[in-house]
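Here's the structure, in structure tokens; my notes come after.
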Amino acid sequence: MKPLSCSMAVLLLTASLAGTVLAKGPWAASPGNTWGYQLMTPQERTEHQARMRSFKSYEECKAYQEENHKQMEARAREKGTTLPAMRAGGFGCDNMKARGYLK
């Protein structure tokens, strides 16, 4: 049996890590689904993603989401920038509820 090439080993490792990350939950923070993403540090994004995945109820999720949005608005004002308008529906908690992840 031939030894794995370095690129093949990296590919396998990357695939196994991606599977682990994806297995932790249905939702992943990204610029397309996280309002204020560009104002968060990588650690804050990871924490936000974990927090969003932890909710069991829609009400709990929405309360956190509204507080997070207020924080991002304040951060944008401090930096002298404007966040894009939030898109209607299919965002964060609403999307997770529609997909059956929240009750």
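Chain lettering (A, B, ...) mirrors the order of the structure tokens, residue numbering begins at 1 for each chain separately, and ligand numbering begins at 1 in order of display.
Shell of segment 54-64 of chain A at 6 Å, with only C-alpha atoms counted and residues fewer than 3 places along the chain excluded, is A:Arg51, A:Glu67, A:Cys93, A:Leu102, A:Lys103.
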Selection from above, N, CA, C and O atoms, as a PDB file, in the first residue's frame, can you write it?
ATOM      1  N   ARG A  51     -23.672  30.001  20.835  1.00  0.00           N
ATOM      2  CA  ARG A  51     -24.845  30.475  21.592  1.00  0.00           C
ATOM      3  C   ARG A  51     -26.124  30.254  20.790  1.00  0.00           C
ATOM      4  O   ARG A  51     -27.115  29.778  21.316  1.00  0.00           O
ATOM      5  N   GLU A  67     -30.779  41.483  21.625  1.00  0.00           N
ATOM      6  CA  GLU A  67     -29.702  42.082  22.414  1.00  0.00           C
ATOM      7  C   GLU A  67     -28.420  42.156  21.584  1.00  0.00           C
ATOM      8  O   GLU A  67     -27.716  43.170  21.602  1.00  0.00           O
ATOM      9  N   CYS A  93     -32.996  33.326  14.189  1.00  0.00           N
ATOM     10  CA  CYS A  93     -33.993  32.553  14.937  1.00  0.00           C
ATOM     11  C   CYS A  93     -35.202  32.188  14.073  1.00  0.00           C
ATOM     12  O   CYS A  93     -35.731  31.079  14.193  1.00  0.00           O
ATOM     13  N   LEU A 102     -35.980  25.055  16.471  1.00  0.00           N
ATOM     14  CA  LEU A 102     -36.489  25.727  17.668  1.00  0.00           C
ATOM     15  C   LEU A 102     -37.976  25.468  17.799  1.00  0.00           C
ATOM     16  O   LEU A 102     -38.683  25.352  16.804  1.00  0.00           O
ATOM     17  N   LYS A 103     -38.425  25.415  19.034  1.00  0.00           N
ATOM     18  CA  LYS A 103     -39.863  25.207  19.284  1.00  0.00           C
ATOM     19  C   LYS A 103     -40.493  26.499  19.738  1.00  0.00           C
ATOM     20  O   LYS A 103     -39.909  27.336  20.312  1.00  0.00           O
TER      21      LYS A 103
END
**Study point:** Spatial neighbours of segment 70-81 of chain A, max dist 12 Å, only C-alpha atoms, sep filter under 5 positions, as a PyMOL selection string
**Key:** chain A and resi 34-41+44+63-65+86
